[in-house]
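> This structure is in C-alpha cells; I'll ask about it shortly.
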Amino acid sequence: MFINLKRIIKSGIVSFWRNGWISAATVLVMVLTLFVVGSLVLGNVILTAVLASLEKKVDITVYFRLDAPEEEVLAARDSLLSLGEVEEVEYVSREEALLQFRERHQENALITQSLDELGENPLGASLEVRASDTSHYAAISNFLEASTFSSILDKINYRQNQLVIDRLAAILHTSRRIGLAASILLSSIAFLVAFNTIRMAIYTSREEIKIMKLVGASNWYTRGPFLVEGFLHGLFASVIALAIFFPVTYWLGPEAERFFGGPDLYIYYITHLLEFYLVLFLVGIIIGVLSSSFAIRKHLRV
C-alpha cells in the first residue's frame with residue numbers, strides 16, 4: 001500500500017509538471033475562484049462593520065416629566081436593564097441635559113440669552129436606550145408605556161424614529177440575505193468553471209486512463225494521480241491568491257476605511273493572515289480534489 005501510495009503521488013506530481021500549460025490554466029481559474037471567495041470574505045467584513053456601526057447609532061430616548069423623582073427615573077433604568085432585549089441604557093440627568101443643550105447651541109446667542117432669562121432648567125431627565133437588535137425597539141416602547149412608570153413619562157421618541165428604525169432593520173436583514181445568496185451563487189459558478197477546466201485537463205489523458213484500466217488498474221489507483229493533481233492545483237492557487245491579496249488590501253485598505261468607516265482591510269488581512277489562508281487553502285483543496293474526482297468518473301468506465 002505504501003509503495004502504491006508513493007507511486008500515485010509521484011505520478012500525480014509528474015503529470016502536473018508534464019501538463020504545464022493545462023496545469024497553469026487550471027491554477028489560474030482556481031486563483032480567480034479563490035479571489036472571488038476571498039473578496040466575499042473581505043466584503044462581509046466591511047458589510048458587518050458598516051451594519052454594526054449603523055446599529056449603534058440607532059436608539060430611542062425616553063423623556064421624563066420635570067417633576068419626576070430621580071429615584072423613579074433610576075428605577076425605570078434598572079427595569080429596562082433587566083430586559084433581555086436591552087443592551088445599554090444611559091441616564092442623562094436634568095443638569096447634564098441642560099449642559100449638553102447649551103453646548104449644542106453655544107453659537108446661537110438667542111437661545112443662550114433665552115435660557116439665561118428663564119432662570120430655571122426647562123429640561124427633564126432622560127434615558128437613552130439601545131437595544132440588542134433594531135426589531136426590539138417596539139417591544140421596549142410598549143413595555144414603558146404599559147409599566148408603572150408611565151405616569152412620569154413625558155414622551156418616547158420611538159414613534160418619531162419608527163420609520164427610520166424599521167427601514168434600517170429591513171436593510172440589515174436584506175443585506176445579510178443578499179450577501180449569503182451572492183456568496184452561494186458566486187461560489188457555485190466558480191466551482192463549475194474550475195470543474196470544467198480540470199475536466200478538460202483530464203480529457204487529454206483519457207487514452208492513458210483507458211490503458212491503465214485495461215491492464216487491471218483499480219479505480220483508486222487510476223484516480224489517485226488526478227486527485228494529487230487536484231490537490232496541487234488547490235495548493236498553488238491558494239498561495240498565489242494569498243499573495244495577490246497583499247497589494248490589493250494594501251491599496252484598498254485606507255480607501256475602504258475612509259469610505260465605509262469600517263476596519264482597515266490591510267490591517268485586518270495581516271492580523272488574520274493564517275485564518276484567511278486556511279479558508280483559501282481548504283476551498284482550493286476541496287474544489288481541486290472534488291473536481292478531479294467528479295471529472296474522472298466517466299473515464300473509469302471501460
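Going through the C-alpha cells in order, the chains are called A, B, and so on, while each chain numbers its residues from 1 and the ligands are numbered from 1 in the order shown.
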Residues within 7 Å of Gly124 (chain A), please, as a ChimeraX atom specification. Count only C-alpha atoms; anything in the same chain fewer than 5 positions from it doesn't count.
/A:63-66,94
> Quick one: of A:Leu280, A:Val289, A:Leu99, A:Ile140, who's nearest to Asn121 (chain A), counting only C-alpha atoms?
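Smallest separation from Asn121 (chain A) among the options: A:Leu99.
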> Determine which residues of region 71-135 of chain A DSSP labels as strand (DSSP E or B) from the backbone of this structure, then write them out as a list in words.
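Here is the list: Val86, Glu87, Glu88, Val89, Glu90, Tyr91, Val92, Ser126, Leu127, Glu128, Val129, Arg130 and Ala131 of chain A.
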> Go ahead and save the residues from that selection, with all heavy atoms, as a compact mmCIF listing (two decimals), in the first residue's frame.

# COMPACT_ATOMS: atom_id res chain seq x y z
N VAL A 86 -32.72 44.68 25.86
CA VAL A 86 -31.98 45.93 26.05
C VAL A 86 -30.49 45.63 26.23
O VAL A 86 -30.12 44.80 27.05
CB VAL A 86 -32.52 46.71 27.28
CG1 VAL A 86 -31.67 47.96 27.53
CG2 VAL A 86 -33.97 47.10 27.05
N GLU A 87 -29.67 46.33 25.46
CA GLU A 87 -28.23 46.15 25.55
C GLU A 87 -27.58 47.19 26.45
O GLU A 87 -26.66 46.89 27.21
CB GLU A 87 -27.61 46.23 24.15
CG GLU A 87 -26.10 46.03 24.15
CD GLU A 87 -25.53 46.04 22.74
OE1 GLU A 87 -26.27 45.72 21.79
OE2 GLU A 87 -24.34 46.37 22.59
N GLU A 88 -28.06 48.43 26.38
CA GLU A 88 -27.42 49.51 27.15
C GLU A 88 -28.45 50.60 27.42
O GLU A 88 -29.30 50.90 26.58
CB GLU A 88 -26.24 50.08 26.36
CG GLU A 88 -25.47 51.17 27.07
CD GLU A 88 -24.35 51.73 26.20
OE1 GLU A 88 -24.13 51.18 25.09
OE2 GLU A 88 -23.73 52.71 26.62
N VAL A 89 -28.36 51.20 28.61
CA VAL A 89 -29.21 52.33 28.98
C VAL A 89 -28.33 53.40 29.62
O VAL A 89 -27.60 53.11 30.58
CB VAL A 89 -30.33 51.92 29.97
CG1 VAL A 89 -31.18 53.14 30.33
CG2 VAL A 89 -31.20 50.82 29.39
N GLU A 90 -28.39 54.60 29.09
CA GLU A 90 -27.60 55.70 29.62
C GLU A 90 -28.53 56.75 30.25
O GLU A 90 -29.47 57.23 29.59
CB GLU A 90 -26.76 56.35 28.52
CG GLU A 90 -25.87 57.49 29.04
CD GLU A 90 -25.04 58.10 27.92
OE1 GLU A 90 -25.03 57.55 26.80
OE2 GLU A 90 -24.41 59.15 28.18
N TYR A 91 -28.26 57.06 31.50
CA TYR A 91 -29.08 58.03 32.23
C TYR A 91 -28.51 59.43 32.03
O TYR A 91 -27.31 59.66 32.23
CB TYR A 91 -29.10 57.67 33.72
CG TYR A 91 -29.70 58.76 34.60
CD1 TYR A 91 -31.03 59.14 34.48
CD2 TYR A 91 -28.92 59.38 35.57
CE1 TYR A 91 -31.57 60.12 35.30
CE2 TYR A 91 -29.45 60.37 36.39
CZ TYR A 91 -30.77 60.73 36.24
OH TYR A 91 -31.30 61.72 37.04
N VAL A 92 -29.37 60.37 31.65
CA VAL A 92 -28.99 61.77 31.47
C VAL A 92 -29.83 62.60 32.44
O VAL A 92 -31.06 62.69 32.29
CB VAL A 92 -29.22 62.26 30.02
CG1 VAL A 92 -28.79 63.72 29.89
CG2 VAL A 92 -28.45 61.38 29.05
N SER A 126 -33.68 62.08 31.15
CA SER A 126 -34.00 61.17 30.05
C SER A 126 -33.15 59.91 30.13
O SER A 126 -32.12 59.88 30.83
CB SER A 126 -33.78 61.86 28.69
OG SER A 126 -32.41 62.20 28.53
N LEU A 127 -33.58 58.88 29.42
CA LEU A 127 -32.84 57.63 29.30
C LEU A 127 -32.64 57.34 27.82
O LEU A 127 -33.59 57.36 27.04
CB LEU A 127 -33.61 56.47 29.95
CG LEU A 127 -33.84 56.53 31.45
CD1 LEU A 127 -34.71 55.34 31.89
CD2 LEU A 127 -32.52 56.53 32.20
N GLU A 128 -31.39 57.12 27.43
CA GLU A 128 -31.07 56.74 26.05
C GLU A 128 -30.92 55.22 26.02
O GLU A 128 -30.00 54.67 26.62
CB GLU A 128 -29.80 57.44 25.59
CG GLU A 128 -29.95 58.96 25.50
CD GLU A 128 -28.68 59.66 25.04
OE1 GLU A 128 -27.66 58.95 24.82
OE2 GLU A 128 -28.70 60.89 24.92
N VAL A 129 -31.82 54.58 25.31
CA VAL A 129 -31.92 53.12 25.32
C VAL A 129 -31.42 52.56 23.99
O VAL A 129 -31.84 53.00 22.92
CB VAL A 129 -33.37 52.66 25.56
CG1 VAL A 129 -33.44 51.14 25.67
CG2 VAL A 129 -33.94 53.32 26.80
N ARG A 130 -30.51 51.58 24.09
CA ARG A 130 -30.02 50.91 22.88
C ARG A 130 -30.35 49.43 23.00
O ARG A 130 -29.98 48.77 23.96
CB ARG A 130 -28.51 51.11 22.72
CG ARG A 130 -27.94 50.47 21.45
CD ARG A 130 -26.50 50.87 21.20
NE ARG A 130 -26.40 52.29 20.93
CZ ARG A 130 -25.81 53.18 21.73
NH1 ARG A 130 -25.26 52.78 22.86
NH2 ARG A 130 -25.74 54.45 21.42
N ALA A 131 -31.06 48.91 22.01
CA ALA A 131 -31.48 47.51 22.02
C ALA A 131 -30.42 46.62 21.39
O ALA A 131 -29.55 47.08 20.64
CB ALA A 131 -32.80 47.35 21.28
> Please return, as a PDB file with C-alpha atoms, in the first residue's frame, all residues of region 38-130 of chain A that DSSP assigns to helix (DSSP H, G or I) on the basis of the backbone.

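Result went into selection_11.pdb, see below:
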ATOM      1  CA  GLY A  38     -11.548  35.913  -0.529  1.00  0.00           C
ATOM      2  CA  SER A  39     -13.277  39.046  -1.807  1.00  0.00           C
ATOM      3  CA  LEU A  40     -16.568  37.769  -0.405  1.00  0.00           C
ATOM      4  CA  VAL A  41     -14.902  37.243   2.978  1.00  0.00           C
ATOM      5  CA  LEU A  42     -13.424  40.764   2.997  1.00  0.00           C
ATOM      6  CA  GLY A  43     -16.676  42.227   1.691  1.00  0.00           C
ATOM      7  CA  ASN A  44     -18.533  40.536   4.525  1.00  0.00           C
ATOM      8  CA  VAL A  45     -16.077  42.096   6.991  1.00  0.00           C
ATOM      9  CA  ILE A  46     -16.826  45.579   5.612  1.00  0.00           C
ATOM     10  CA  LEU A  47     -20.587  44.967   5.473  1.00  0.00           C
ATOM     11  CA  THR A  48     -20.650  43.638   9.039  1.00  0.00           C
ATOM     12  CA  ALA A  49     -18.661  46.640  10.295  1.00  0.00           C
ATOM     13  CA  VAL A  50     -20.906  49.133   8.477  1.00  0.00           C
ATOM     14  CA  LEU A  51     -24.110  47.478   9.691  1.00  0.00           C
ATOM     15  CA  ALA A  52     -22.772  47.283  13.259  1.00  0.00           C
ATOM     16  CA  SER A  53     -21.883  50.979  13.109  1.00  0.00           C
ATOM     17  CA  LEU A  54     -25.379  51.858  11.887  1.00  0.00           C
ATOM     18  CA  GLU A  55     -26.992  49.714  14.556  1.00  0.00           C
ATOM     19  CA  LYS A  56     -25.010  51.502  17.279  1.00  0.00           C
ATOM     20  CA  LYS A  57     -26.272  54.871  16.065  1.00  0.00           C
ATOM     21  CA  GLU A  70     -34.720  60.931  40.258  1.00  0.00           C
ATOM     22  CA  GLU A  71     -35.067  57.651  42.169  1.00  0.00           C
ATOM     23  CA  GLU A  72     -38.044  56.653  39.992  1.00  0.00           C
ATOM     24  CA  VAL A  73     -36.129  57.503  36.809  1.00  0.00           C
ATOM     25  CA  LEU A  74     -33.246  55.319  38.036  1.00  0.00           C
ATOM     26  CA  ALA A  75     -35.753  52.577  38.890  1.00  0.00           C
ATOM     27  CA  ALA A  76     -37.054  52.773  35.311  1.00  0.00           C
ATOM     28  CA  ARG A  77     -33.484  52.441  34.067  1.00  0.00           C
ATOM     29  CA  ASP A  78     -32.959  49.313  36.202  1.00  0.00           C
ATOM     30  CA  SER A  79     -36.192  47.825  34.875  1.00  0.00           C
ATOM     31  CA  LEU A  80     -35.041  48.376  31.311  1.00  0.00           C
ATOM     32  CA  LEU A  81     -31.647  46.820  32.008  1.00  0.00           C
ATOM     33  CA  ARG A  94     -31.626  67.336  34.120  1.00  0.00           C
ATOM     34  CA  GLU A  95     -28.337  69.149  34.739  1.00  0.00           C
ATOM     35  CA  GLU A  96     -26.492  67.083  32.128  1.00  0.00           C
ATOM     36  CA  ALA A  97     -29.306  67.617  29.632  1.00  0.00           C
ATOM     37  CA  LEU A  98     -29.098  71.381  30.125  1.00  0.00           C
ATOM     38  CA  LEU A  99     -25.316  71.382  29.800  1.00  0.00           C
ATOM     39  CA  GLN A 100     -25.481  69.326  26.565  1.00  0.00           C
ATOM     40  CA  PHE A 101     -28.191  71.622  25.193  1.00  0.00           C
ATOM     41  CA  ARG A 102     -26.071  74.697  25.904  1.00  0.00           C
ATOM     42  CA  GLU A 103     -23.026  73.107  24.227  1.00  0.00           C
ATOM     43  CA  ARG A 104     -25.025  72.244  21.099  1.00  0.00           C
ATOM     44  CA  ALA A 109     -26.995  83.854  21.107  1.00  0.00           C
ATOM     45  CA  LEU A 110     -30.807  83.986  21.063  1.00  0.00           C
ATOM     46  CA  ILE A 111     -31.197  80.523  22.645  1.00  0.00           C
ATOM     47  CA  THR A 112     -28.446  81.189  25.185  1.00  0.00           C
ATOM     48  CA  GLN A 113     -29.999  84.518  26.182  1.00  0.00           C
ATOM     49  CA  SER A 114     -33.438  82.940  26.475  1.00  0.00           C
ATOM     50  CA  LEU A 115     -32.122  80.270  28.849  1.00  0.00           C
ATOM     51  CA  ASP A 116     -30.426  82.917  30.983  1.00  0.00           C
ATOM     52  CA  GLU A 117     -33.607  84.975  31.181  1.00  0.00           C
ATOM     53  CA  LEU A 118     -35.695  81.924  32.009  1.00  0.00           C
TER      54      LEU A 118
END
> Could you list, as a JSON list (two decimals) with N, CA, C and O atoms, in the first residue's frame, every residue within 7 Å of region 229-232 of chain A, counting only C-alpha atoms and ignoring same-chain residues fewer than 2 positions away?

[["chain", "number", "residue", "atom", "x", "y", "z"],
["A", 12, "GLY", "N", 1.19, 11.74, -9.89],
["A", 12, "GLY", "CA", 0.42, 12.98, -9.90],
["A", 12, "GLY", "C", 1.30, 14.21, -10.05],
["A", 12, "GLY", "O", 0.98, 15.13, -10.79],
["A", 13, "ILE", "N", 2.46, 14.22, -9.36],
["A", 13, "ILE", "CA", 3.38, 15.36, -9.46],
["A", 13, "ILE", "C", 3.98, 15.46, -10.84],
["A", 13, "ILE", "O", 4.06, 16.54, -11.44],
["A", 16, "PHE", "N", 1.40, 16.69, -13.22],
["A", 16, "PHE", "CA", 1.15, 18.12, -13.00],
["A", 16, "PHE", "C", 2.18, 18.96, -13.74],
["A", 16, "PHE", "O", 1.84, 19.95, -14.42],
["A", 225, "PRO", "N", -3.59, 9.70, -9.06],
["A", 225, "PRO", "CA", -2.74, 10.78, -9.58],
["A", 225, "PRO", "C", -3.51, 12.06, -9.90],
["A", 225, "PRO", "O", -2.98, 13.16, -9.71],
["A", 226, "PHE", "N", -4.75, 11.91, -10.36],
["A", 226, "PHE", "CA", -5.54, 13.10, -10.68],
["A", 226, "PHE", "C", -6.00, 13.82, -9.40],
["A", 226, "PHE", "O", -6.14, 15.04, -9.39],
["A", 227, "LEU", "N", -6.24, 13.03, -8.34],
["A", 227, "LEU", "CA", -6.55, 13.67, -7.06],
["A", 227, "LEU", "C", -5.34, 14.44, -6.53],
["A", 227, "LEU", "O", -5.49, 15.52, -5.95],
["A", 234, "GLY", "N", -5.09, 23.19, -6.08],
["A", 234, "GLY", "CA", -5.61, 23.98, -4.96],
["A", 234, "GLY", "C", -4.51, 24.59, -4.12],
["A", 234, "GLY", "O", -4.63, 25.75, -3.67],
["A", 235, "LEU", "N", -3.41, 23.86, -3.91],
["A", 235, "LEU", "CA", -2.30, 24.37, -3.11],
["A", 235, "LEU", "C", -1.66, 25.59, -3.76],
["A", 235, "LEU", "O", -1.50, 26.64, -3.12],
["A", 236, "PHE", "N", -1.28, 25.48, -5.03],
["A", 236, "PHE", "CA", -0.65, 26.60, -5.72],
["A", 236, "PHE", "C", -1.61, 27.77, -5.88],
["A", 236, "PHE", "O", -1.21, 28.94, -5.75],
["A", 285, "ILE", "N", -8.42, 23.23, -2.01],
["A", 285, "ILE", "CA", -8.24, 21.78, -1.98],
["A", 285, "ILE", "C", -9.56, 21.06, -2.26],
["A", 285, "ILE", "O", -9.61, 20.09, -3.03],
["A", 288, "GLY", "N", -10.35, 21.52, -5.95],
["A", 288, "GLY", "CA", -9.42, 20.76, -6.78],
["A", 288, "GLY", "C", -9.65, 19.26, -6.71],
["A", 288, "GLY", "O", -9.74, 18.58, -7.73],
["A", 289, "VAL", "N", -9.78, 18.73, -5.49],
["A", 289, "VAL", "CA", -9.93, 17.29, -5.31],
["A", 289, "VAL", "C", -11.30, 16.82, -5.79],
["A", 289, "VAL", "O", -11.41, 15.82, -6.50],
["A", 292, "SER", "N", -11.58, 17.02, -9.62],
["A", 292, "SER", "CA", -10.84, 15.92, -10.23],
["A", 292, "SER", "C", -11.58, 14.60, -10.07],
["A", 292, "SER", "O", -11.66, 13.80, -11.01]]
> So that I can check the surroundings of region 243-258 of chain A, please list as a PyMOL selection string every protein, DNA and RNA residue that reaches within 10 Å of it, counting only C-alpha atoms and ignoring chain neighbours fewer than 5 positions away.
chain A and resi 31+35+38-39+42+46+237-238+263-270+273+277
> How far is it from CA of Gly84 (chain A) to CA of His136 (chain A), in Å with one decimal?
9.7 Å
> What does the structure give for the distance between CA of Tyr203 (chain A) and CA of Val27 (chain A), in Å to one decimal?
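Computed distance, CA of Tyr203 (chain A) to CA of Val27 (chain A), equals 16.6 Å.
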> Using only C-alpha atoms, which of A:Asp154, A:Ser15, A:Leu242, A:Thr148 sits nearest Glu275 (chain A)?
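Checking each of A:Asp154, A:Ser15, A:Leu242, A:Thr148 against Glu275 (chain A), counting only C-alpha atoms, the winner is A:Leu242.
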> What is the CA of Met200 (chain A) to CA of Val29 (chain A) distance in Å?
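One can read the CA of Met200 (chain A) to CA of Val29 (chain A) distance as 12.4 Å.
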